[in-house]
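Asks: Questions regarding the structure given below will be posed in turn.
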Amino acid sequence: MVKPIPIPFQDRTVRESTKAPAMNSEQFCENGRKMVEYISTYLEKIRERRVVHNVAPGYMQQLIPAEAPQEPEDFAEVFKDIDKIIMPGVTHWHSPRFHGYFAAGNSYPSILGDMLSDAIGCIGFSWASSPACTELEVITTDWLGSMLALPEEFLHRSTGRGGGVIQVGHGREPINTYPQLDEMEIMAKLVGYTSDQSNSSVGRSGLLGAVRMRKLNTDSKFSLRGEALKVAIEEDKSKGLIPFFLCATLGTTGTCAFDNLEELGPICKEEDMWLHIDAAYAGSAFVCPEFRHFMKGVEHADTFSINPHKWMLVNFDLSVMWIKDSSLLVDAFNVDPIYLRHENAGKGAPDYRHWQIPLGRRFRSLKLWFMLRSYGVTGVQAYIRKHVHLAKEFEQMLLNDTRFEVVGDVIMGLVCFRLKGSNSRTERLLQEILQDGRIYLIPAIVHNIYTLRLAICAERTNLDDIAFSFSVIRSCSDRVTKEFQATDGTRQAVTQQTRNVGLD
Ligand SMILES: Cc1ncc(COP(=O)(O)O)c(C=O)c1O
């Protein structure tokens with residue numbers, strides 16, 4: 001006979017274990033206060049830290065055991081390890097000396113919003129799963145859309161078909177919302193377009209949607225124009241392909257260039273193509289009326305998205321996409337197993353699971369709501385205008401030094417620049433800057449021009465910080481210029497010698 005396997009739960013010692021929770025509420029409050037103080041000190045004194053980490057791959061393996069602890073540890077011990085183990089490997093994105101990528105949103109109200117979201121911990125896939133989660137998202141995305149002066153059709157409160165939805169990130173949705181995607185022979189012929197300056201996530205969305213995505217050439221301002229789109233559409237139609245989608249960018253990743261929506265929009269309408277606008281970074285600036293001329297033609301779009309987690313004081317991750325006709329999304333994603341149904345479905349509030357690819361969703365709108373109420377529209381406008389002003393100041397510093405040239409127009413909080421001459425000079429300059437470690441920049445290659453990007457990222461950045469960053473760039477440039485003068489000299493001498501011996 002087979003012996004029954006003992007079930008641990010029937011063992012009294014297991015069942016009646018009196019082990020206290022790892023952290024009780026008093027300890028949570030005490031540790032929480034310490035953590036909030038730590039965070040505030042970290043952010044207020046962040047200038048004192050070297051912006052670039054100083055560690056090599058695998059550094060942490062030397063500091064942390066290979067297995068999780070068998071027995072509980074005191075949280076005070078865990079706390080000590082933040083400075084010892086974590087901080088040395090952190091790149092300080094919120095340092096005023098961090099100028100890489102684009103700004104990453106951050107603000108105290110937003111941090112508090114995420115804390116509350118974590119505590120509530122609901123998974124808001126339907127209205128019924130936690131009504132506040134859905135309803136706050138509907139209201140805050142309408143607030144935000146209205147702040148950016150988006151056409152009313154994009155708002156929940158207008159026709160009932162449009163509205164905003166908070167996503168983790170950008171770029172994939174419009175491809176999957178095309179109503180005919182399930183027909184394989186159509187799919188094989190679909191072709192989407194974007195510019196040669198669009199973010200890599202757009203190309204990736206083509207891969208995920210298993211459709212062709214063509215990158216079109218941009219003009220001398222790195223902007224996609226109507227003519228380039230027209231030519232591509234004609235070419236593709238003559239090959240029997242079906243143009244179905246355009247992703248235009250307002251504020252490209254490389255140089256913050258703007259595609260021409262007034263030219264592109266009518267073409268998309270005429271060709272019955274889906275127009276998505278990726279305004280991930282620069283879209284936040286449309287909260288200021290003086291920048292809205294860059295979105296002229298937005299009325300032609302089917303979907304529009306921005307990342308408040310970039311340039312609107314909200315922590316990663318919070319990307320908002322607005323759609324004029326959400327029924328297309330719902331039709332594409334609607335799966336309705338019995339355990340997700342509820343009696344209030346379809347009665348005035350969306351079930352957001354039909355608006356996205358994953359099922360689960362966090363209570364992200366809390367941080368947006370906290371931030372918007374704490375700053376107000378005027379506070380957000382002041383923040384954007386300050387960054388744009390600082391970018392202009394930095395551009396002026398560059399232009400006062402004849403060794404540099406500015407690439408593209410400085411419109412938002414991004415300045416692209418290079419050392420005049422061959423790309424290799426600017427490549428060397430970046431190596432010097434990163435080795436120095438006091439500031440952080442990344443490069444871009446646009447139309448074969450190697451350029452450095454200086455983005456104004458931190459909320460606290462001021463004119464002194466920009467002057468500091470410029471002084472680091474200048475001293476690194478001094479070294480590179482000398483080095484190139486020396487090699488130019490050697491090269492010239494070698495050329496002269498060769499000429500003298502008649503080998504040239
Ligand atoms: C223009 C643009 N679109 C999309 C993205 C992707 O952003 P995320 O992955 O944070 O949504 C970026 C990132 O820099 C971007 O610059």
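Labeling convention for the structure tokens: chains A, B, ... as they appear, residues from 1 per chain, ligands from 1 in order of appearance.
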Within 7 Å of ligand 1, counting only C-alpha atoms and all ligand atoms: which residues, as a ChimeraX atom specification?
Replies: /A:101-102,168-171,198-199,201,249,251-253,278-281,307,319
Asks: Where in segment 24-243 of chain A does DSSP assign strand (DSSP E or B), given as a PyMOL selection string?
Replies: chain A and resi 98+163-167+190-195+212-216+242-243
Asks: Might you pull out every residue within 12 Å of segment 227-240 of chain A, with only C-alpha atoms counted and same-chain residues fewer than 6 positions away left off, and present them as a JSON list (two decimals) with all heavy atoms, in the first residue's frame?
Replies:
```
[["chain", "number", "residue", "atom", "x", "y", "z"],
["A", 185, "GLU", "N", -4.12, 37.57, -45.73],
["A", 185, "GLU", "CA", -3.65, 38.02, -47.05],
["A", 185, "GLU", "C", -3.55, 39.54, -47.08],
["A", 185, "GLU", "O", -2.70, 40.10, -47.79],
["A", 185, "GLU", "CB", -4.48, 37.45, -48.20],
["A", 185, "GLU", "CG", -5.94, 37.82, -48.28],
["A", 185, "GLU", "CD", -6.81, 37.05, -47.28],
["A", 185, "GLU", "OE1", -6.30, 36.15, -46.59],
["A", 185, "GLU", "OE2", -8.00, 37.38, -47.20],
["A", 186, "ILE", "N", -4.39, 40.22, -46.32],
["A", 186, "ILE", "CA", -4.29, 41.68, -46.26],
["A", 186, "ILE", "C", -3.01, 42.05, -45.49],
["A", 186, "ILE", "O", -2.23, 42.89, -45.93],
["A", 186, "ILE", "CB", -5.53, 42.31, -45.58],
["A", 186, "ILE", "CG1", -6.76, 42.09, -46.44],
["A", 186, "ILE", "CG2", -5.31, 43.81, -45.34],
["A", 186, "ILE", "CD1", -8.05, 42.59, -45.86],
["A", 188, "ALA", "N", -0.27, 40.57, -45.24],
["A", 188, "ALA", "CA", 0.96, 40.37, -46.01],
["A", 188, "ALA", "C", 1.24, 41.56, -46.93],
["A", 188, "ALA", "O", 2.37, 41.75, -47.38],
["A", 188, "ALA", "CB", 0.85, 39.09, -46.83],
["A", 189, "LYS", "N", 0.20, 42.36, -47.19],
["A", 189, "LYS", "CA", 0.37, 43.49, -48.11],
["A", 189, "LYS", "C", 0.44, 44.84, -47.39],
["A", 189, "LYS", "O", 0.67, 45.87, -48.02],
["A", 189, "LYS", "CB", -0.80, 43.52, -49.09],
["A", 189, "LYS", "CG", -0.81, 42.34, -50.02],
["A", 189, "LYS", "CD", -1.93, 42.46, -51.01],
["A", 189, "LYS", "CE", -1.81, 41.31, -52.00],
["A", 189, "LYS", "NZ", -2.88, 41.29, -52.94],
["A", 190, "LEU", "N", 0.19, 44.83, -46.11],
["A", 190, "LEU", "CA", 0.14, 46.11, -45.40],
["A", 190, "LEU", "C", 1.52, 46.76, -45.35],
["A", 190, "LEU", "O", 2.54, 46.08, -45.17],
["A", 190, "LEU", "CB", -0.37, 45.91, -43.97],
["A", 190, "LEU", "CG", -1.83, 45.47, -43.81],
["A", 190, "LEU", "CD1", -2.14, 45.25, -42.34],
["A", 190, "LEU", "CD2", -2.77, 46.51, -44.41],
["A", 191, "VAL", "N", 1.52, 48.06, -45.50],
["A", 191, "VAL", "CA", 2.79, 48.78, -45.30],
["A", 191, "VAL", "C", 2.51, 50.05, -44.49],
["A", 191, "VAL", "O", 1.58, 50.80, -44.77],
["A", 191, "VAL", "CB", 3.51, 49.06, -46.66],
["A", 191, "VAL", "CG1", 2.63, 49.78, -47.64],
["A", 191, "VAL", "CG2", 4.78, 49.88, -46.44],
["A", 192, "GLY", "N", 3.31, 50.23, -43.45],
["A", 192, "GLY", "CA", 3.21, 51.41, -42.61],
["A", 192, "GLY", "C", 4.43, 52.29, -42.85],
["A", 192, "GLY", "O", 5.45, 51.85, -43.38],
["A", 193, "TYR", "N", 4.32, 53.57, -42.45],
["A", 193, "TYR", "CA", 5.41, 54.52, -42.69],
["A", 193, "TYR", "C", 5.75, 55.27, -41.41],
["A", 193, "TYR", "O", 4.90, 55.50, -40.55],
["A", 193, "TYR", "CB", 5.01, 55.54, -43.76],
["A", 193, "TYR", "CG", 4.57, 54.91, -45.05],
["A", 193, "TYR", "CD1", 3.22, 54.74, -45.33],
["A", 193, "TYR", "CD2", 5.51, 54.47, -45.98],
["A", 193, "TYR", "CE1", 2.81, 54.15, -46.52],
["A", 193, "TYR", "CE2", 5.09, 53.88, -47.17],
["A", 193, "TYR", "CZ", 3.74, 53.72, -47.43],
["A", 193, "TYR", "OH", 3.36, 53.13, -48.60],
["A", 194, "THR", "N", 6.98, 55.66, -41.36],
["A", 194, "THR", "CA", 7.43, 56.54, -40.31],
["A", 194, "THR", "C", 8.69, 57.21, -40.84],
["A", 194, "THR", "O", 9.17, 56.86, -41.91],
["A", 194, "THR", "CB", 7.67, 55.75, -39.00],
["A", 194, "THR", "OG1", 7.85, 56.67, -37.93],
["A", 194, "THR", "CG2", 8.88, 54.82, -39.09],
["A", 195, "SER", "N", 9.24, 58.18, -40.11],
["A", 195, "SER", "CA", 10.40, 58.86, -40.67],
["A", 195, "SER", "C", 11.70, 58.18, -40.25],
["A", 195, "SER", "O", 11.71, 57.37, -39.31],
["A", 195, "SER", "CB", 10.42, 60.32, -40.21],
["A", 195, "SER", "OG", 11.16, 60.44, -39.02],
["A", 196, "ASP", "N", 12.77, 58.53, -40.93],
["A", 196, "ASP", "CA", 14.08, 57.95, -40.56],
["A", 196, "ASP", "C", 14.55, 58.48, -39.21],
["A", 196, "ASP", "O", 15.59, 58.09, -38.70],
["A", 196, "ASP", "CB", 15.13, 58.19, -41.67],
["A", 196, "ASP", "CG", 15.34, 59.67, -41.97],
["A", 196, "ASP", "OD1", 14.83, 60.53, -41.21],
["A", 196, "ASP", "OD2", 16.00, 59.99, -42.98],
["A", 212, "ARG", "N", 5.15, 45.36, -42.62],
["A", 212, "ARG", "CA", 6.28, 46.18, -43.11],
["A", 212, "ARG", "C", 6.18, 47.57, -42.53],
["A", 212, "ARG", "O", 5.09, 48.14, -42.50],
["A", 212, "ARG", "CB", 6.19, 46.37, -44.62],
["A", 212, "ARG", "CG", 6.56, 45.22, -45.46],
["A", 212, "ARG", "CD", 6.35, 45.60, -46.94],
["A", 212, "ARG", "NE", 6.36, 44.40, -47.74],
["A", 212, "ARG", "CZ", 5.31, 43.61, -47.89],
["A", 212, "ARG", "NH1", 4.17, 43.92, -47.31],
["A", 212, "ARG", "NH2", 5.39, 42.52, -48.62],
["A", 213, "MET", "N", 7.31, 48.12, -42.16],
["A", 213, "MET", "CA", 7.34, 49.51, -41.70],
["A", 213, "MET", "C", 8.47, 50.21, -42.45],
["A", 213, "MET", "O", 9.63, 49.87, -42.27],
["A", 213, "MET", "CB", 7.60, 49.53, -40.19],
["A", 213, "MET", "CG", 7.53, 50.88, -39.54],
["A", 213, "MET", "SD", 5.91, 51.62, -39.61],
["A", 213, "MET", "CE", 5.10, 50.68, -38.36],
["A", 214, "ARG", "N", 8.10, 51.16, -43.32],
["A", 214, "ARG", "CA", 9.12, 51.84, -44.13],
["A", 214, "ARG", "C", 9.55, 53.12, -43.49],
["A", 214, "ARG", "O", 8.71, 53.92, -43.05],
["A", 214, "ARG", "CB", 8.54, 52.17, -45.50],
["A", 214, "ARG", "CG", 8.99, 51.23, -46.58],
["A", 214, "ARG", "CD", 8.49, 51.70, -47.92],
["A", 214, "ARG", "NE", 9.37, 52.71, -48.52],
["A", 214, "ARG", "CZ", 9.19, 53.21, -49.74],
["A", 214, "ARG", "NH1", 8.17, 52.81, -50.47],
["A", 214, "ARG", "NH2", 10.01, 54.12, -50.23],
["A", 215, "LYS", "N", 10.85, 53.34, -43.45],
["A", 215, "LYS", "CA", 11.38, 54.60, -42.91],
["A", 215, "LYS", "C", 11.59, 55.57, -44.04],
["A", 215, "LYS", "O", 12.33, 55.26, -44.98],
["A", 215, "LYS", "CB", 12.71, 54.36, -42.19],
["A", 215, "LYS", "CG", 12.50, 53.53, -40.95],
["A", 215, "LYS", "CD", 13.64, 53.66, -40.00],
["A", 215, "LYS", "CE", 13.19, 53.12, -38.65],
["A", 215, "LYS", "NZ", 14.03, 53.46, -37.57],
["A", 216, "LEU", "N", 10.98, 56.73, -43.95],
["A", 216, "LEU", "CA", 11.08, 57.70, -45.05],
["A", 216, "LEU", "C", 12.09, 58.79, -44.73],
["A", 216, "LEU", "O", 12.24, 59.18, -43.56],
["A", 216, "LEU", "CB", 9.70, 58.32, -45.30],
["A", 216, "LEU", "CG", 8.57, 57.30, -45.54],
["A", 216, "LEU", "CD1", 7.24, 58.03, -45.78],
["A", 216, "LEU", "CD2", 8.89, 56.40, -46.73],
["A", 217, "ASN", "N", 12.72, 59.29, -45.80],
["A", 217, "ASN", "CA", 13.73, 60.33, -45.62],
["A", 217, "ASN", "C", 13.09, 61.62, -45.13],
["A", 217, "ASN", "O", 11.98, 61.98, -45.52],
["A", 217, "ASN", "CB", 14.43, 60.63, -46.94],
["A", 217, "ASN", "CG", 15.30, 59.47, -47.35],
["A", 217, "ASN", "OD1", 15.68, 58.64, -46.51],
["A", 217, "ASN", "ND2", 15.61, 59.39, -48.64],
["A", 218, "THR", "N", 13.84, 62.34, -44.31],
["A", 218, "THR", "CA", 13.37, 63.62, -43.79],
["A", 218, "THR", "C", 14.10, 64.76, -44.50],
["A", 218, "THR", "O", 15.13, 64.54, -45.16],
["A", 218, "THR", "CB", 13.63, 63.71, -42.28],
["A", 218, "THR", "OG1", 14.95, 63.22, -42.02],
["A", 218, "THR", "CG2", 12.64, 62.88, -41.51],
["A", 219, "ASP", "N", 13.59, 65.99, -44.34],
["A", 219, "ASP", "CA", 14.22, 67.13, -45.01],
["A", 219, "ASP", "C", 15.42, 67.65, -44.19],
["A", 219, "ASP", "O", 15.82, 67.01, -43.20],
["A", 219, "ASP", "CB", 13.18, 68.24, -45.29],
["A", 219, "ASP", "CG", 12.69, 68.94, -44.03],
["A", 219, "ASP", "OD1", 13.26, 68.67, -42.93],
["A", 219, "ASP", "OD2", 11.77, 69.76, -44.12],
["A", 246, "LEU", "N", 0.54, 55.62, -40.68],
["A", 246, "LEU", "CA", 1.70, 56.52, -40.57],
["A", 246, "LEU", "C", 1.88, 56.87, -39.10],
["A", 246, "LEU", "O", 0.93, 57.25, -38.41],
["A", 246, "LEU", "CB", 1.47, 57.82, -41.36],
["A", 246, "LEU", "CG", 2.52, 58.91, -41.11],
["A", 246, "LEU", "CD1", 3.88, 58.54, -41.69],
["A", 246, "LEU", "CD2", 2.08, 60.26, -41.68],
["A", 247, "CYS", "N", 3.12, 56.74, -38.63],
["A", 247, "CYS", "CA", 3.44, 57.26, -37.30],
["A", 247, "CYS", "C", 4.29, 58.52, -37.51],
["A", 247, "CYS", "O", 5.44, 58.44, -37.95],
["A", 247, "CYS", "CB", 4.23, 56.24, -36.47],
["A", 247, "CYS", "SG", 4.69, 56.92, -34.87],
["A", 248, "ALA", "N", 3.69, 59.67, -37.24],
["A", 248, "ALA", "CA", 4.43, 60.94, -37.34],
["A", 248, "ALA", "C", 4.96, 61.28, -35.94],
["A", 248, "ALA", "O", 4.37, 60.88, -34.94],
["A", 248, "ALA", "CB", 3.49, 62.04, -37.82],
["A", 259, "ASP", "N", 7.61, 66.59, -37.43],
["A", 259, "ASP", "CA", 7.07, 66.24, -38.75],
["A", 259, "ASP", "C", 5.94, 67.22, -39.10],
["A", 259, "ASP", "O", 5.31, 67.79, -38.20],
["A", 259, "ASP", "CB", 6.53, 64.80, -38.75],
["A", 259, "ASP", "CG", 7.67, 63.78, -38.66],
["A", 259, "ASP", "OD1", 8.83, 64.17, -38.89],
["A", 259, "ASP", "OD2", 7.39, 62.61, -38.34],
["A", 260, "ASN", "N", 5.73, 67.39, -40.40],
["A", 260, "ASN", "CA", 4.77, 68.39, -40.85],
["A", 260, "ASN", "C", 3.35, 67.79, -40.97],
["A", 260, "ASN", "O", 2.98, 67.23, -41.99],
["A", 260, "ASN", "CB", 5.23, 68.93, -42.22],
["A", 260, "ASN", "CG", 4.45, 70.14, -42.63],
["A", 260, "ASN", "OD1", 3.24, 70.22, -42.40],
["A", 260, "ASN", "ND2", 5.12, 71.10, -43.23],
["A", 261, "LEU", "N", 2.59, 67.94, -39.89],
["A", 261, "LEU", "CA", 1.26, 67.31, -39.85],
["A", 261, "LEU", "C", 0.29, 67.94, -40.84],
["A", 261, "LEU", "O", -0.61, 67.28, -41.33],
["A", 261, "LEU", "CB", 0.66, 67.45, -38.45],
["A", 261, "LEU", "CG", 1.37, 66.74, -37.31],
["A", 261, "LEU", "CD1", 0.60, 66.96, -36.02],
["A", 261, "LEU", "CD2", 1.49, 65.26, -37.60],
["A", 262, "GLU", "N", 0.48, 69.22, -41.09],
["A", 262, "GLU", "CA", -0.46, 69.89, -42.03],
["A", 262, "GLU", "C", -0.35, 69.28, -43.42],
["A", 262, "GLU", "O", -1.33, 69.24, -44.16],
["A", 262, "GLU", "CB", -0.15, 71.39, -42.08],
["A", 262, "GLU", "CG", -0.77, 72.12, -40.93],
["A", 262, "GLU", "CD", -0.55, 73.61, -41.03],
["A", 262, "GLU", "OE1", 0.63, 74.02, -41.00],
["A", 262, "GLU", "OE2", -1.53, 74.34, -41.14],
["A", 263, "GLU", "N", 0.86, 68.83, -43.78],
["A", 263, "GLU", "CA", 1.02, 68.17, -45.08],
["A", 263, "GLU", "C", 0.66, 66.68, -45.01],
["A", 263, "GLU", "O", 0.05, 66.14, -45.92],
["A", 263, "GLU", "CB", 2.48, 68.29, -45.55],
["A", 263, "GLU", "CG", 2.88, 69.71, -45.90],
["A", 263, "GLU", "CD", 4.35, 69.84, -46.29],
["A", 263, "GLU", "OE1", 5.08, 68.83, -46.33],
["A", 263, "GLU", "OE2", 4.77, 70.98, -46.54],
["A", 264, "LEU", "N", 1.05, 66.03, -43.91],
["A", 264, "LEU", "CA", 0.89, 64.57, -43.83],
["A", 264, "LEU", "C", -0.56, 64.17, -43.56],
["A", 264, "LEU", "O", -1.06, 63.18, -44.10],
["A", 264, "LEU", "CB", 1.79, 64.02, -42.70],
["A", 264, "LEU", "CG", 3.29, 64.26, -42.87],
["A", 264, "LEU", "CD1", 4.03, 63.93, -41.58],
["A", 264, "LEU", "CD2", 3.85, 63.40, -44.02],
["A", 265, "GLY", "N", -1.24, 64.96, -42.70],
["A", 265, "GLY", "CA", -2.60, 64.61, -42.26],
["A", 265, "GLY", "C", -3.57, 64.41, -43.43],
["A", 265, "GLY", "O", -4.21, 63.34, -43.53],
["A", 266, "PRO", "N", -3.69, 65.39, -44.35],
["A", 266, "PRO", "CA", -4.65, 65.22, -45.45],
["A", 266, "PRO", "C", -4.32, 64.01, -46.33],
["A", 266, "PRO", "O", -5.23, 63.36, -46.84],
["A", 266, "PRO", "CB", -4.50, 66.53, -46.23],
["A", 266, "PRO", "CG", -3.99, 67.51, -45.22],
["A", 266, "PRO", "CD", -3.12, 66.73, -44.30],
["A", 267, "ILE", "N", -3.03, 63.70, -46.49],
["A", 267, "ILE", "CA", -2.68, 62.53, -47.31],
["A", 267, "ILE", "C", -3.22, 61.26, -46.64],
["A", 267, "ILE", "O", -3.78, 60.38, -47.28],
["A", 267, "ILE", "CB", -1.14, 62.44, -47.51],
["A", 267, "ILE", "CG1", -0.62, 63.71, -48.18],
["A", 267, "ILE", "CG2", -0.76, 61.19, -48.30],
["A", 267, "ILE", "CD1", 0.89, 63.81, -48.25],
["A", 268, "CYS", "N", -3.04, 61.18, -45.31],
["A", 268, "CYS", "CA", -3.55, 60.00, -44.59],
["A", 268, "CYS", "C", -5.06, 59.89, -44.75],
["A", 268, "CYS", "O", -5.59, 58.79, -44.93],
["A", 268, "CYS", "CB", -3.18, 60.08, -43.10],
["A", 268, "CYS", "SG", -1.41, 59.92, -42.83],
["A", 270, "GLU", "N", -6.91, 61.05, -47.21],
["A", 270, "GLU", "CA", -7.21, 60.67, -48.59],
["A", 270, "GLU", "C", -6.99, 59.18, -48.84],
["A", 270, "GLU", "O", -7.72, 58.53, -49.57],
["A", 270, "GLU", "CB", -6.28, 61.46, -49.50],
["A", 270, "GLU", "CG", -6.86, 61.89, -50.82],
["A", 270, "GLU", "CD", -5.84, 62.78, -51.50],
["A", 270, "GLU", "OE1", -5.69, 63.94, -51.05],
["A", 270, "GLU", "OE2", -5.17, 62.30, -52.44],
["A", 271, "GLU", "N", -5.93, 58.65, -48.22],
["A", 271, "GLU", "CA", -5.55, 57.25, -48.46],
["A", 271, "GLU", "C", -6.19, 56.31, -47.44],
["A", 271, "GLU", "O", -5.88, 55.12, -47.41],
["A", 271, "GLU", "CB", -4.02, 57.09, -48.39],
["A", 271, "GLU", "CG", -3.27, 57.91, -49.41],
["A", 271, "GLU", "CD", -3.45, 57.37, -50.84],
["A", 271, "GLU", "OE1", -3.78, 56.17, -50.99],
["A", 271, "GLU", "OE2", -3.28, 58.14, -51.79],
["A", 272, "ASP", "N", -7.02, 56.86, -46.57],
["A", 272, "ASP", "CA", -7.67, 56.07, -45.53],
["A", 272, "ASP", "C", -6.64, 55.34, -44.65],
["A", 272, "ASP", "O", -6.75, 54.14, -44.37],
["A", 272, "ASP", "CB", -8.64, 55.06, -46.18],
["A", 272, "ASP", "CG", -9.65, 54.54, -45.16],
["A", 272, "ASP", "OD1", -9.83, 55.21, -44.12],
["A", 272, "ASP", "OD2", -10.23, 53.46, -45.40],
["A", 273, "MET", "N", -5.61, 56.09, -44.29],
["A", 273, "MET", "CA", -4.55, 55.51, -43.45],
["A", 273, "MET", "C", -4.71, 56.00, -42.02],
["A", 273, "MET", "O", -5.08, 57.14, -41.77],
["A", 273, "MET", "CB", -3.16, 55.96, -43.97],
["A", 273, "MET", "CG", -2.74, 55.25, -45.22],
["A", 273, "MET", "SD", -1.36, 56.10, -46.04],
["A", 273, "MET", "CE", -0.14, 56.19, -44.75]]
```
Asks: Within 9 Å of Thr255 of chain A, counting only C-alpha atoms, which residues show up once you throw out same-chain ones fewer than 3 positions away? Write them as a PDB file with N, CA and C atoms, in the first residue's frame, please.
Replies:
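Below you can see around08.pdb, which holds the result:
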```pdb
ATOM      1  N   GLN A 197      13.788  59.388 -38.603  1.00  0.00           N
ATOM      2  CA  GLN A 197      14.143  59.955 -37.301  1.00  0.00           C
ATOM      3  C   GLN A 197      13.254  59.419 -36.173  1.00  0.00           C
ATOM      4  N   PHE A 222      15.201  67.628 -40.547  1.00  0.00           N
ATOM      5  CA  PHE A 222      14.882  66.311 -39.976  1.00  0.00           C
ATOM      6  C   PHE A 222      13.375  66.098 -39.821  1.00  0.00           C
ATOM      7  N   GLY A 251       8.705  66.007 -32.116  1.00  0.00           N
ATOM      8  CA  GLY A 251       9.795  65.963 -31.138  1.00  0.00           C
ATOM      9  C   GLY A 251      10.560  64.659 -31.263  1.00  0.00           C
ATOM     10  N   THR A 252      11.381  64.525 -32.320  1.00  0.00           N
ATOM     11  CA  THR A 252      12.089  63.251 -32.539  1.00  0.00           C
ATOM     12  C   THR A 252      13.150  63.024 -31.470  1.00  0.00           C
ATOM     13  N   VAL A 407      23.375  71.581 -34.116  1.00  0.00           N
ATOM     14  CA  VAL A 407      22.731  70.769 -35.158  1.00  0.00           C
ATOM     15  C   VAL A 407      21.211  70.837 -34.953  1.00  0.00           C
ATOM     16  N   GLY A 408      20.483  71.235 -35.968  1.00  0.00           N
ATOM     17  CA  GLY A 408      19.019  71.364 -35.856  1.00  0.00           C
ATOM     18  C   GLY A 408      18.649  72.607 -35.062  1.00  0.00           C
ATOM     19  N   ASP A 409      17.354  72.828 -34.944  1.00  0.00           N
ATOM     20  CA  ASP A 409      16.893  74.013 -34.215  1.00  0.00           C
ATOM     21  C   ASP A 409      16.705  73.677 -32.740  1.00  0.00           C
ATOM     22  N   VAL A 410      17.016  74.638 -31.888  1.00  0.00           N
ATOM     23  CA  VAL A 410      16.763  74.447 -30.452  1.00  0.00           C
ATOM     24  C   VAL A 410      15.356  74.980 -30.178  1.00  0.00           C
ATOM     25  N   LEU A 414      16.171  70.559 -25.571  1.00  0.00           N
ATOM     26  CA  LEU A 414      17.254  69.724 -26.109  1.00  0.00           C
ATOM     27  C   LEU A 414      18.137  70.548 -27.018  1.00  0.00           C
ATOM     28  N   VAL A 415      19.464  70.409 -26.817  1.00  0.00           N
ATOM     29  CA  VAL A 415      20.414  71.095 -27.695  1.00  0.00           C
ATOM     30  C   VAL A 415      21.336  70.035 -28.300  1.00  0.00           C
ATOM     31  N   CYS A 416      21.402  69.989 -29.627  1.00  0.00           N
ATOM     32  CA  CYS A 416      22.315  69.059 -30.301  1.00  0.00           C
ATOM     33  C   CYS A 416      23.491  69.862 -30.829  1.00  0.00           C
ATOM     34  N   ALA A 444      23.779  61.174 -31.017  1.00  0.00           N
ATOM     35  CA  ALA A 444      22.805  60.758 -32.039  1.00  0.00           C
ATOM     36  C   ALA A 444      23.513  60.887 -33.378  1.00  0.00           C
ATOM     37  N   VAL A 446      22.436  61.806 -37.103  1.00  0.00           N
ATOM     38  CA  VAL A 446      21.321  62.242 -37.948  1.00  0.00           C
ATOM     39  C   VAL A 446      21.889  62.624 -39.312  1.00  0.00           C
ATOM     40  N   ARG A 453      23.859  65.165 -27.731  1.00  0.00           N
ATOM     41  CA  ARG A 453      22.552  65.701 -27.314  1.00  0.00           C
ATOM     42  C   ARG A 453      22.652  66.145 -25.866  1.00  0.00           C
TER      43      ARG A 453
END
```
Asks: Given the choices A:Arg364, A:Glu343, A:Phe468, A:Pro358, which gets closest to Ile120 of chain A if the distance is worked out from only C-alpha atoms?
Replies: A:Arg364
Asks: Give me, as an NGL selection string, all polymer residues having an atom no more than 8 Å from His354 of chain A, counting only C-alpha atoms and skipping those fewer than 4 positions away in the same chain.
Replies: :A and (329-335)
Asks: As an exercise, work out the distance from atom CA of Ala128 of chain A to atom CA of Met321 of chain A in Å and give it to one decimal place.
Replies: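 So the answer is 22.2 Å.
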Asks: Find the residues around Pro109 of chain A up to 8 Å (only C-alpha atoms counted), leave out those fewer than 5 positions away in its own chain, and share them as a PyMOL selection string.
Replies: chain A and resi 367+370-371+374
Asks: Could you check the closest approach to Ser471 of chain A for each of A:Thr303, A:Val202, A:Met412, A:Asp401 and tell me which residue wins, using only C-alpha atoms?
Replies: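 Nearest candidate to Ser471 of chain A out of A:Thr303, A:Val202, A:Met412, A:Asp401: A:Asp401.
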Asks: For Tyr440 of chain A, which residue among A:Ile456, A:Leu359, A:Ile277, A:Ala257 is the nearest when counting only C-alpha atoms?
Replies: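 Selected residue with least distance to Tyr440 of chain A: A:Ile456.
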Asks: DSSP on the backbone, helix (DSSP H, G or I) only: what residues of segment 16-190 of chain A does that give? Format it as a PyMOL selection string.
Replies: chain A and resi 25-44+46-48+59-62+75-89+108-120+131-147+152-154+173-177+184-187
Asks: Measuring atom to atom with only C-alpha atoms, identify which of A:Gln356, A:Asn31, A:Thr159, A:Ser223 is nearest to Glu77 of chain A.
Replies: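 With only C-alpha atoms as the atom set, the closest residue is A:Asn31.
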Asks: Which neighbours of Ala119 of chain A fall inside 12 Å, counting only C-alpha atoms, when residues of the same chain fewer than 4 positions from it are skipped, and could you give them as a list in words?
Replies: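 The contact residues come out as Leu112, Gly113, Asp114, Met115, Ile123, Arg362, Phe363 and Leu366 of chain A.
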